[in-house]
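Data file: entry09.csv. Format and content: CSV, C-alpha atoms.
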```
chain,number,residue,atom,x,y,z
B,84,MET,CA,32.8,26.1,22.0
B,85,THR,CA,29.4,25.9,23.7
B,86,GLY,CA,28.0,28.9,21.7
B,87,ASP,CA,24.7,30.6,22.3
B,88,ARG,CA,22.0,28.1,23.2
B,89,VAL,CA,19.3,29.2,20.8
B,90,MET,CA,16.3,27.6,19.1
B,91,GLY,CA,14.9,25.4,21.8
B,92,GLU,CA,18.1,23.6,22.8
B,93,SER,CA,17.3,21.8,26.0
B,94,ILE,CA,19.5,22.5,29.0
B,95,MET,CA,19.1,18.9,30.2
B,96,GLY,CA,21.5,17.5,27.6
B,97,PRO,CA,20.5,14.3,25.8
B,98,THR,CA,17.9,13.1,28.4
B,99,VAL,CA,15.0,12.7,25.9
B,100,GLU,CA,17.2,10.8,23.5
B,101,ILE,CA,18.4,8.4,26.1
B,102,VAL,CA,14.8,7.7,27.3
B,103,LEU,CA,13.8,7.0,23.7
B,104,PHE,CA,16.8,4.7,23.2
B,105,VAL,CA,15.9,2.8,26.4
B,106,PHE,CA,12.3,2.3,25.1
B,107,MET,CA,13.6,1.2,21.7
B,108,ILE,CA,16.0,-1.3,23.2
B,109,GLY,CA,13.2,-2.7,25.4
B,110,LEU,CA,10.9,-3.0,22.3
B,111,ALA,CA,13.7,-4.7,20.3
B,112,PHE,CA,14.2,-7.3,23.0
B,113,TYR,CA,10.4,-7.9,23.3
B,114,ILE,CA,10.1,-8.3,19.5
B,115,ALA,CA,12.9,-10.9,19.7
B,116,SER,CA,11.0,-12.9,22.4
B,117,LEU,CA,7.5,-12.8,20.7
B,118,ARG,CA,6.1,-15.7,18.7
B,119,SER,CA,3.1,-13.8,17.4
B,120,LEU,CA,4.4,-12.2,14.2
B,121,PHE,CA,1.4,-9.8,14.0
B,122,ALA,CA,2.2,-8.4,17.5
B,123,ALA,CA,5.8,-8.2,16.5
B,124,ALA,CA,4.9,-6.3,13.3
B,125,MET,CA,2.9,-3.7,15.2
B,126,LEU,CA,5.6,-3.3,17.8
B,127,PHE,CA,8.1,-2.8,15.0
B,128,GLY,CA,5.9,0.1,13.8
B,129,ILE,CA,6.1,1.6,17.3
B,130,PHE,CA,9.9,1.0,17.3
B,131,SER,CA,10.2,3.0,14.0
B,132,LEU,CA,8.1,5.8,15.4
B,133,LEU,CA,10.2,6.0,18.5
B,134,SER,CA,13.4,6.1,16.3
B,135,ALA,CA,11.8,9.0,14.4
B,136,GLY,CA,11.4,10.8,17.7
B,137,ALA,CA,15.0,10.2,18.6
B,138,LEU,CA,16.0,11.5,15.1
B,139,THR,CA,14.1,14.7,15.7
B,140,MET,CA,15.9,15.2,19.0
B,141,MET,CA,19.2,14.7,17.1
B,142,ASP,CA,18.2,17.6,14.7
B,143,ALA,CA,17.6,15.3,11.7
B,144,VAL,CA,14.1,16.4,10.9
B,145,ASP,CA,14.1,15.3,7.3
B,146,VAL,CA,15.3,11.9,8.3
B,147,ALA,CA,12.7,11.7,11.0
B,148,PHE,CA,9.7,12.4,8.8
B,149,THR,CA,11.1,10.0,6.2
B,150,GLU,CA,11.5,7.3,8.9
B,151,ALA,CA,8.0,8.0,10.3
B,152,ALA,CA,6.4,7.7,6.8
B,153,VAL,CA,8.6,5.0,5.3
B,154,GLY,CA,9.9,3.0,8.3
B,155,ALA,CA,6.8,3.2,10.5
B,156,GLY,CA,4.3,3.3,7.7
B,157,ILE,CA,5.3,1.5,4.5
B,158,SER,CA,7.6,-1.1,6.1
B,159,THR,CA,4.9,-2.1,8.6
B,160,VAL,CA,2.3,-2.3,5.9
B,161,LEU,CA,4.7,-4.5,3.8
B,162,ILE,CA,5.3,-6.8,6.7
B,163,LEU,CA,1.6,-7.0,7.5
B,164,GLY,CA,0.9,-7.8,3.8
B,165,ALA,CA,3.5,-10.5,3.9
B,166,LEU,CA,2.0,-11.9,7.1
B,167,GLY,CA,-1.4,-11.9,5.3
B,168,LEU,CA,0.0,-13.9,2.4
B,169,THR,CA,2.0,-16.4,4.6
B,170,THR,CA,1.4,-17.0,8.3
B,171,SER,CA,1.1,-14.9,11.4
B,172,VAL,CA,2.5,-17.2,14.1
B,173,GLU,CA,6.0,-18.7,14.4
B,174,THR,CA,5.4,-22.5,14.5
B,175,ARG,CA,8.7,-23.2,16.2
B,176,PRO,CA,9.0,-22.6,19.9
B,177,ILE,CA,11.6,-19.9,20.6
B,178,HIS,CA,14.8,-21.7,21.7
B,179,HIS,CA,17.8,-19.7,22.5
B,180,ARG,CA,20.7,-20.8,20.4
B,181,PHE,CA,24.0,-20.6,22.2
B,182,THR,CA,26.1,-20.1,19.1
B,183,ALA,CA,24.0,-17.2,17.9
B,184,LYS,CA,24.2,-15.5,21.3
B,185,LEU,CA,28.0,-16.0,21.4
B,186,VAL,CA,28.4,-14.6,17.9
B,187,VAL,CA,26.2,-11.6,18.7
B,188,THR,CA,28.0,-10.9,22.1
B,189,ALA,CA,31.4,-11.1,20.5
B,190,THR,CA,30.5,-8.8,17.6
B,191,GLY,CA,28.9,-6.3,20.1
B,192,LEU,CA,32.0,-6.3,22.3
B,193,MET,CA,34.3,-5.8,19.3
B,194,LEU,CA,32.1,-2.9,18.0
B,195,ALA,CA,32.0,-1.3,21.5
B,196,TYR,CA,35.8,-1.6,21.7
B,197,GLY,CA,36.0,0.0,18.3
B,198,THR,CA,33.9,3.0,19.4
B,199,LEU,CA,36.1,3.8,22.4
B,200,ASP,CA,38.3,6.3,20.4
B,201,MET,CA,35.3,7.8,18.5
B,202,PRO,CA,34.5,11.4,19.3
B,203,ALA,CA,32.0,12.0,22.1
B,204,TYR,CA,28.2,12.6,21.4
B,205,GLY,CA,27.6,16.2,20.3
B,206,ASP,CA,31.3,17.1,19.9
B,207,PRO,CA,31.5,20.1,17.6
B,208,ASP,CA,35.2,19.4,16.8
B,209,ALA,CA,34.6,15.8,15.6
B,210,PRO,CA,36.2,15.0,12.3
B,211,ILE,CA,32.7,14.4,10.7
B,212,ASN,CA,31.9,18.1,11.3
B,213,LYS,CA,35.2,19.4,9.8
B,214,HIS,CA,35.2,18.2,6.2
B,215,VAL,CA,32.5,19.2,3.8
B,216,ALA,CA,29.8,20.1,6.3
B,217,PRO,CA,31.0,23.7,6.9
B,218,HIS,CA,31.1,24.3,3.2
B,219,TYR,CA,27.5,23.1,2.8
B,220,LEU,CA,26.4,25.2,5.8
B,221,TYR,CA,28.1,28.4,4.9
B,222,ASP,CA,28.0,28.4,1.1
B,223,SER,CA,24.8,26.5,0.1
B,224,GLU,CA,22.7,29.6,0.6
B,225,THR,CA,24.6,31.5,-2.1
B,226,GLU,CA,25.4,28.5,-4.3
B,227,ILE,CA,22.0,26.8,-4.3
B,228,GLY,CA,19.6,29.2,-2.7
B,229,ILE,CA,17.5,26.8,-0.6
B,230,PRO,CA,17.4,27.4,3.1
B,231,ASN,CA,17.1,23.7,3.9
B,232,VAL,CA,20.7,22.5,3.6
B,233,VAL,CA,19.7,18.8,3.6
B,234,THR,CA,17.6,19.5,0.5
B,235,SER,CA,20.3,21.3,-1.4
B,236,VAL,CA,22.9,18.6,-0.6
B,237,LEU,CA,20.4,15.9,-1.6
B,238,ALA,CA,19.2,17.4,-4.8
B,239,SER,CA,22.3,19.3,-6.0
B,240,TYR,CA,25.7,18.5,-4.4
B,241,ARG,CA,24.9,14.8,-4.1
B,242,GLY,CA,22.3,14.6,-6.9
B,243,TYR,CA,24.0,11.5,-8.4
B,244,ASP,CA,23.4,9.7,-5.0
B,245,THR,CA,19.7,10.4,-5.3
B,246,TYR,CA,19.7,9.2,-8.9
B,247,GLY,CA,21.4,6.0,-7.9
B,248,GLU,CA,18.9,5.6,-5.1
B,249,THR,CA,16.0,5.9,-7.6
B,250,THR,CA,17.7,3.2,-9.7
B,251,VAL,CA,17.9,0.9,-6.7
B,252,VAL,CA,14.2,1.5,-5.9
B,253,LEU,CA,13.2,0.8,-9.5
B,254,THR,CA,15.3,-2.4,-9.5
B,255,ALA,CA,13.7,-3.6,-6.2
B,256,ALA,CA,10.2,-2.8,-7.6
B,257,VAL,CA,10.9,-4.7,-10.8
B,258,GLY,CA,12.3,-7.7,-8.8
B,259,ALA,CA,9.3,-7.7,-6.4
B,260,ILE,CA,6.8,-7.5,-9.3
B,261,LEU,CA,8.6,-10.3,-11.2
B,262,LEU,CA,8.6,-12.5,-8.0
B,263,LEU,CA,5.0,-12.0,-7.1
B,264,GLY,CA,3.5,-11.5,-10.6
B,265,GLY,CA,5.1,-14.7,-11.7
B,266,GLY,CA,3.2,-16.5,-9.0
B,267,VAL,CA,-0.1,-15.1,-10.1
B,268,ALA,CA,0.5,-16.1,-13.8
B,269,ARG,CA,1.6,-19.6,-12.7
B,270,ARG,CA,-1.5,-20.1,-10.6
B,271,ARG,CA,-3.6,-19.0,-13.5
B,272,ARG,CA,-1.8,-21.4,-15.8
B,273,GLU,CA,-2.2,-24.2,-13.3
B,274,THR,CA,-5.9,-23.6,-12.8
B,275,GLY,CA,-6.3,-23.2,-16.5
B,276,SER,CA,-4.6,-26.6,-17.2
B,277,SER,CA,-6.7,-28.4,-14.6
B,278,GLU,CA,-9.9,-27.1,-16.1
J,207,MET,CA,33.6,6.2,33.1
J,208,MET,CA,33.2,9.7,31.7
J,209,GLN,CA,34.1,8.3,28.4
J,210,LEU,CA,31.3,5.7,28.7
J,211,VAL,CA,28.8,8.5,29.5
J,212,ALA,CA,30.0,10.6,26.6
J,213,HIS,CA,29.8,7.6,24.2
J,214,TRP,CA,26.3,6.5,25.3
J,215,ASN,CA,24.9,6.8,21.7
J,216,TYR,CA,27.4,4.3,20.3
J,217,PHE,CA,26.6,1.7,23.1
J,218,ALA,CA,22.9,2.2,22.8
J,219,VAL,CA,23.1,1.8,19.0
J,220,ILE,CA,25.3,-1.3,19.3
J,221,ILE,CA,22.8,-3.0,21.7
J,222,LEU,CA,20.0,-2.3,19.2
J,223,MET,CA,22.2,-3.5,16.3
J,224,MET,CA,23.0,-6.8,18.1
J,225,VAL,CA,19.4,-7.5,19.0
J,226,GLY,CA,18.6,-7.0,15.3
J,227,LEU,CA,21.4,-9.3,14.3
J,228,TYR,CA,20.4,-11.9,16.9
J,229,ILE,CA,16.8,-11.9,15.5
J,230,ALA,CA,18.1,-12.3,11.9
J,231,ILE,CA,20.5,-15.2,12.6
J,232,SER,CA,18.7,-17.1,15.3
J,233,ARG,CA,15.0,-17.1,14.3
J,234,GLY,CA,13.9,-19.7,11.7
J,235,ASN,CA,10.9,-17.7,10.6
J,236,LEU,CA,11.8,-15.7,7.4
J,237,VAL,CA,9.4,-12.8,8.2
J,238,LYS,CA,11.0,-12.5,11.6
J,239,LYS,CA,14.4,-12.4,10.0
J,240,VAL,CA,13.3,-9.5,7.8
J,241,MET,CA,12.1,-7.7,11.0
J,242,GLY,CA,15.5,-8.2,12.6
J,243,MET,CA,17.2,-6.8,9.4
J,244,ASN,CA,14.9,-3.8,9.7
J,245,ILE,CA,15.9,-3.2,13.4
J,246,PHE,CA,19.5,-3.4,12.4
J,247,GLN,CA,18.9,-0.9,9.6
J,248,THR,CA,17.2,1.6,11.9
J,249,SER,CA,20.1,1.3,14.4
J,250,VAL,CA,22.6,2.1,11.6
J,251,ILE,CA,20.6,5.2,10.7
J,252,LEU,CA,20.6,6.3,14.4
J,253,LEU,CA,24.4,5.7,14.6
J,254,TYR,CA,25.1,8.0,11.6
J,255,VAL,CA,22.7,10.7,12.7
J,256,SER,CA,24.0,10.7,16.3
J,257,MET,CA,27.5,11.2,15.0
J,258,GLY,CA,26.4,14.4,13.1
J,259,LYS,CA,24.7,15.9,16.2
J,260,VAL,CA,26.4,19.1,17.5
J,261,SER,CA,25.5,20.0,21.1
J,262,GLY,CA,23.7,23.3,21.2
J,263,GLY,CA,22.9,22.9,17.5
J,264,THR,CA,19.6,22.9,15.7
J,265,ALA,CA,18.2,21.4,12.5
J,266,PRO,CA,20.3,22.5,9.4
J,267,ILE,CA,17.6,24.8,8.0
J,268,LEU,CA,19.3,28.2,7.5
J,269,ILE,CA,17.7,31.3,9.0
J,270,GLU,CA,18.5,34.5,7.2
J,271,GLY,CA,20.4,37.2,9.0
J,272,ARG,CA,21.4,35.1,12.0
J,273,ASP,CA,25.1,34.2,12.4
J,274,ASP,CA,24.8,33.0,16.0
J,275,ILE,CA,23.0,29.8,15.3
J,276,ILE,CA,24.9,26.4,15.5
J,277,TYR,CA,23.6,23.9,13.0
J,278,SER,CA,24.0,20.1,13.2
J,279,ASN,CA,25.9,18.4,10.4
J,280,PRO,CA,23.6,17.9,7.4
J,281,VAL,CA,25.8,15.3,5.6
J,282,PRO,CA,24.8,12.2,7.6
J,283,HIS,CA,21.1,13.3,7.3
J,284,VAL,CA,21.4,13.2,3.5
J,285,LEU,CA,23.2,9.8,3.5
J,286,MET,CA,20.6,8.3,5.8
J,287,LEU,CA,17.6,9.6,3.8
J,288,THR,CA,19.0,7.5,0.9
J,289,ALA,CA,19.6,4.6,3.3
J,290,ILE,CA,16.0,4.6,4.5
J,291,VAL,CA,14.6,4.5,1.0
J,292,VAL,CA,17.0,1.8,-0.1
J,293,GLY,CA,16.2,-0.1,3.1
J,294,VAL,CA,12.5,-0.2,2.4
J,295,ALA,CA,13.3,-1.3,-1.1
J,296,SER,CA,15.3,-4.3,0.2
J,297,THR,CA,12.6,-5.0,2.7
J,298,ALA,CA,10.0,-5.2,0.0
J,299,LEU,CA,12.2,-7.4,-2.2
J,300,GLY,CA,13.0,-9.7,0.8
J,301,LEU,CA,9.3,-10.0,1.7
J,302,ALA,CA,8.4,-10.7,-1.9
J,303,LEU,CA,11.0,-13.6,-1.8
J,304,VAL,CA,9.4,-14.9,1.4
J,305,VAL,CA,5.9,-14.9,-0.2
J,306,ARG,CA,7.4,-16.7,-3.2
J,307,ILE,CA,9.1,-19.3,-1.0
J,308,ARG,CA,5.8,-19.8,0.8
J,309,GLU,CA,4.1,-20.5,-2.6
J,310,SER,CA,6.7,-23.1,-3.5
J,311,TYR,CA,7.4,-24.8,-0.2
J,312,GLY,CA,4.2,-24.1,1.8
J,313,THR,CA,6.2,-22.9,4.8
J,314,VAL,CA,8.3,-19.9,5.9
J,315,GLU,CA,10.2,-21.8,8.5
J,316,GLU,CA,13.9,-22.2,7.6
J,317,ASP,CA,14.4,-25.8,9.0
J,318,GLU,CA,11.3,-27.1,7.2
J,319,ILE,CA,12.6,-25.5,3.9
J,320,VAL,CA,16.0,-27.1,4.4
J,321,ALA,CA,14.4,-30.5,5.2
J,322,LEU,CA,12.2,-30.3,2.0
J,323,ASP,CA,15.3,-29.4,0.0
J,324,ARG,CA,17.2,-32.4,1.4
J,325,ALA,CA,14.4,-34.8,0.7
J,326,GLU,CA,14.2,-33.5,-2.8
J,327,ASP,CA,18.0,-34.0,-3.3
J,328,GLU,CA,17.8,-37.5,-1.9
J,329,ARG,CA,14.9,-38.4,-4.2
J,330,GLU,CA,16.8,-37.2,-7.2
J,331,PHE,CA,20.0,-39.0,-6.1
J,332,SER,CA,18.2,-42.4,-5.6
J,333,GLY,CA,16.4,-41.9,-8.8
J,334,GLU,CA,19.7,-41.5,-10.7
J,335,ALA,CA,21.2,-44.5,-8.9
J,336,GLY,CA,18.2,-46.7,-9.6
```
What is this file in structure tokens?
Amino acid sequence: MTGDRVMGESIMGPTVEIVLFVFMIGLAFYIASLRSLFAAAMLFGIFSLLSAGALTMMDAVDVAFTEAAVGAGISTVLILGALGLTTSVETRPIHHRFTAKLVVTATGLMLAYGTLDMPAYGDPDAPINKHVAPHYLYDSETEIGIPNVVTSVLASYRGYDTYGETTVVLTAAVGAILLLGGGVARRRRETGSSE
Amino acid sequence: MMQLVAHWNYFAVIILMMVGLYIAISRGNLVKKVMGMNIFQTSVILLYVSMGKVSGGTAPILIEGRDDIIYSNPVPHVLMLTAIVVGVASTALGLALVVRIRESYGTVEEDEIVALDRAEDEREFSGEAG
């Protein structure tokens, strides 16, 4: 089931994705070894942008532009803001903890073992492509009438998910405002009492 | 060996995931921990989206009057859109906690915070005993 190769499908296979993943892995290791948090924050922005590129290559264009806007944009700005309010250099020298390395290696090996009987990359007969996805692809045009299937699933078939997501964002915003706003009020009270 | 090549996406994602986990559990700096958590989150997104990719497929935006086009699976895309937004919400909340901890303790290094907490506990304990 190779089908007609249309719409700019590359004949090279997943070469671009693999190159992007290699860059991302290199960046992640470099972020782990850096003590300057400012440099790490900027590299994290580049990491998110590369992941947006990989997502585009995997046909997830909606996820890619959300990742580019939210992951590379807002997350980086939030981290930079937090650095501005705290400190921009790790004071502790980076020592490699043996226990942490052991835990991480063991977890990684177990996960790799678990993926051995997963379907191969790009397999059209994988179970994930057999359940509701054909229904969304074939019937959403007549049922919803929006060409972008991701939008019709997000806003209609799984509208409650999106509603729950909005609730989570509201809760996080309220939590962040309470945490930070409380500090401002407390400082004002402290300076007021000292005067 | 062929299986390793065909499963490259899982192994690449697992390496990324484990680097993120390593940063989160081995670094004492709280902002660095949040960064590690973010790397982990991005790798989970890549895992799901790479599972929905169909070779020869294109983005799931329907083109009228064409039956010969293969589309990639839209379901993981929808789920990961939600995950990205929830992820940035948890990042914001985590960083707000870090800023608040900095206000109270004057540091964002984990071992210094634990030492300050211990000293506080000991002071309270000796105060009760005396």
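Note that the spacing between atom CA of B:Ala111 and atom CA of J:Gly242 amounts to 8.6 Å.
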Env of B:Leu263: 12 Å cut, atoms = all atoms listed in the file, seq-sep filter 6 positions within chain, self excluded. Answer as a PDB file with C-alpha atoms, keeping the file's coordinate frame.
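Below you can see around10.pdb, which holds the result:
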```pdb
ATOM      1  CA  ALA B 165       3.500 -10.500   3.900  1.00  0.00           C
ATOM      2  CA  LEU B 168       0.000 -13.900   2.400  1.00  0.00           C
ATOM      3  CA  ALA B 256      10.200  -2.800  -7.600  1.00  0.00           C
ATOM      4  CA  VAL B 257      10.900  -4.700 -10.800  1.00  0.00           C
ATOM      5  CA  ARG B 269       1.600 -19.600 -12.700  1.00  0.00           C
ATOM      6  CA  ARG B 270      -1.500 -20.100 -10.600  1.00  0.00           C
TER       7      ARG B 270
ATOM      8  CA  ALA J 298      10.000  -5.200   0.000  1.00  0.00           C
ATOM      9  CA  LEU J 299      12.200  -7.400  -2.200  1.00  0.00           C
ATOM     10  CA  GLY J 300      13.000  -9.700   0.800  1.00  0.00           C
ATOM     11  CA  LEU J 301       9.300 -10.000   1.700  1.00  0.00           C
ATOM     12  CA  ALA J 302       8.400 -10.700  -1.900  1.00  0.00           C
ATOM     13  CA  LEU J 303      11.000 -13.600  -1.800  1.00  0.00           C
ATOM     14  CA  VAL J 304       9.400 -14.900   1.400  1.00  0.00           C
ATOM     15  CA  VAL J 305       5.900 -14.900  -0.200  1.00  0.00           C
ATOM     16  CA  ARG J 306       7.400 -16.700  -3.200  1.00  0.00           C
ATOM     17  CA  ILE J 307       9.100 -19.300  -1.000  1.00  0.00           C
ATOM     18  CA  ARG J 308       5.800 -19.800   0.800  1.00  0.00           C
ATOM     19  CA  GLU J 309       4.100 -20.500  -2.600  1.00  0.00           C
ATOM     20  CA  SER J 310       6.700 -23.100  -3.500  1.00  0.00           C
TER      21      SER J 310
END
```
Would you give me, as JSON lines, each residue of chain J having an atom within 6 Å of an atom of chain B, along with its shortest atom pair and that distance in Å to one decimal, using only C-alpha atoms and sorting by chain and residue number?
```
{"residue": "J:Ala212", "atom": "CA", "partner": "B:Ala203", "partner_atom": "CA", "distance": 5.1}
{"residue": "J:His213", "atom": "CA", "partner": "B:Ala203", "partner_atom": "CA", "distance": 5.3}
{"residue": "J:Leu222", "atom": "CA", "partner": "B:Ile108", "partner_atom": "CA", "distance": 5.7}
{"residue": "J:Met224", "atom": "CA", "partner": "B:Val187", "partner_atom": "CA", "distance": 5.8}
{"residue": "J:Ile229", "atom": "CA", "partner": "B:Ala115", "partner_atom": "CA", "distance": 5.8}
{"residue": "J:Ser232", "atom": "CA", "partner": "B:Ala183", "partner_atom": "CA", "distance": 5.9}
{"residue": "J:Lys259", "atom": "CA", "partner": "B:Gly205", "partner_atom": "CA", "distance": 5.0}
{"residue": "J:Val260", "atom": "CA", "partner": "B:Gly205", "partner_atom": "CA", "distance": 4.2}
{"residue": "J:Ser261", "atom": "CA", "partner": "B:Gly205", "partner_atom": "CA", "distance": 4.4}
{"residue": "J:Gly262", "atom": "CA", "partner": "B:Arg88", "partner_atom": "CA", "distance": 5.5}
{"residue": "J:Thr264", "atom": "CA", "partner": "B:Asp142", "partner_atom": "CA", "distance": 5.6}
{"residue": "J:Ala265", "atom": "CA", "partner": "B:Asp142", "partner_atom": "CA", "distance": 4.4}
{"residue": "J:Pro266", "atom": "CA", "partner": "B:Val232", "partner_atom": "CA", "distance": 5.8}
{"residue": "J:Ile267", "atom": "CA", "partner": "B:Asn231", "partner_atom": "CA", "distance": 4.3}
{"residue": "J:Leu268", "atom": "CA", "partner": "B:Pro230", "partner_atom": "CA", "distance": 4.9}
{"residue": "J:Asn279", "atom": "CA", "partner": "B:Ala216", "partner_atom": "CA", "distance": 5.9}
{"residue": "J:Pro280", "atom": "CA", "partner": "B:Val233", "partner_atom": "CA", "distance": 5.5}
{"residue": "J:His283", "atom": "CA", "partner": "B:Ala143", "partner_atom": "CA", "distance": 6.0}
{"residue": "J:Val284", "atom": "CA", "partner": "B:Val233", "partner_atom": "CA", "distance": 5.9}
{"residue": "J:Leu287", "atom": "CA", "partner": "B:Val146", "partner_atom": "CA", "distance": 5.6}
{"residue": "J:Ala295", "atom": "CA", "partner": "B:Ala255", "partner_atom": "CA", "distance": 5.6}
{"residue": "J:Leu299", "atom": "CA", "partner": "B:Ala259", "partner_atom": "CA", "distance": 5.1}
{"residue": "J:Ala302", "atom": "CA", "partner": "B:Ala259", "partner_atom": "CA", "distance": 5.5}
```
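For the pair atom CA of B:Met125 and atom CA of J:Leu285, the interatomic distance is 27.0 Å.
Taking atom CA of J:Val281 and atom CA of J:Gly258 as the two end points, the separation is 7.6 Å.
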So that I can see what lies close to J:Val240, please list as a PyMOL selection string the residues with an atom at most 8 Å from it, counting all atoms listed in the file and leaving out residues fewer than 2 positions away in the same chain.
chain J and resi 230+236-238+242-244+297+300-301
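Proximity of J:Ser332, J:Asn235, J:Gln247, J:Ser256 to J:Val292, computed with all atoms listed in the file, is greatest for J:Gln247.
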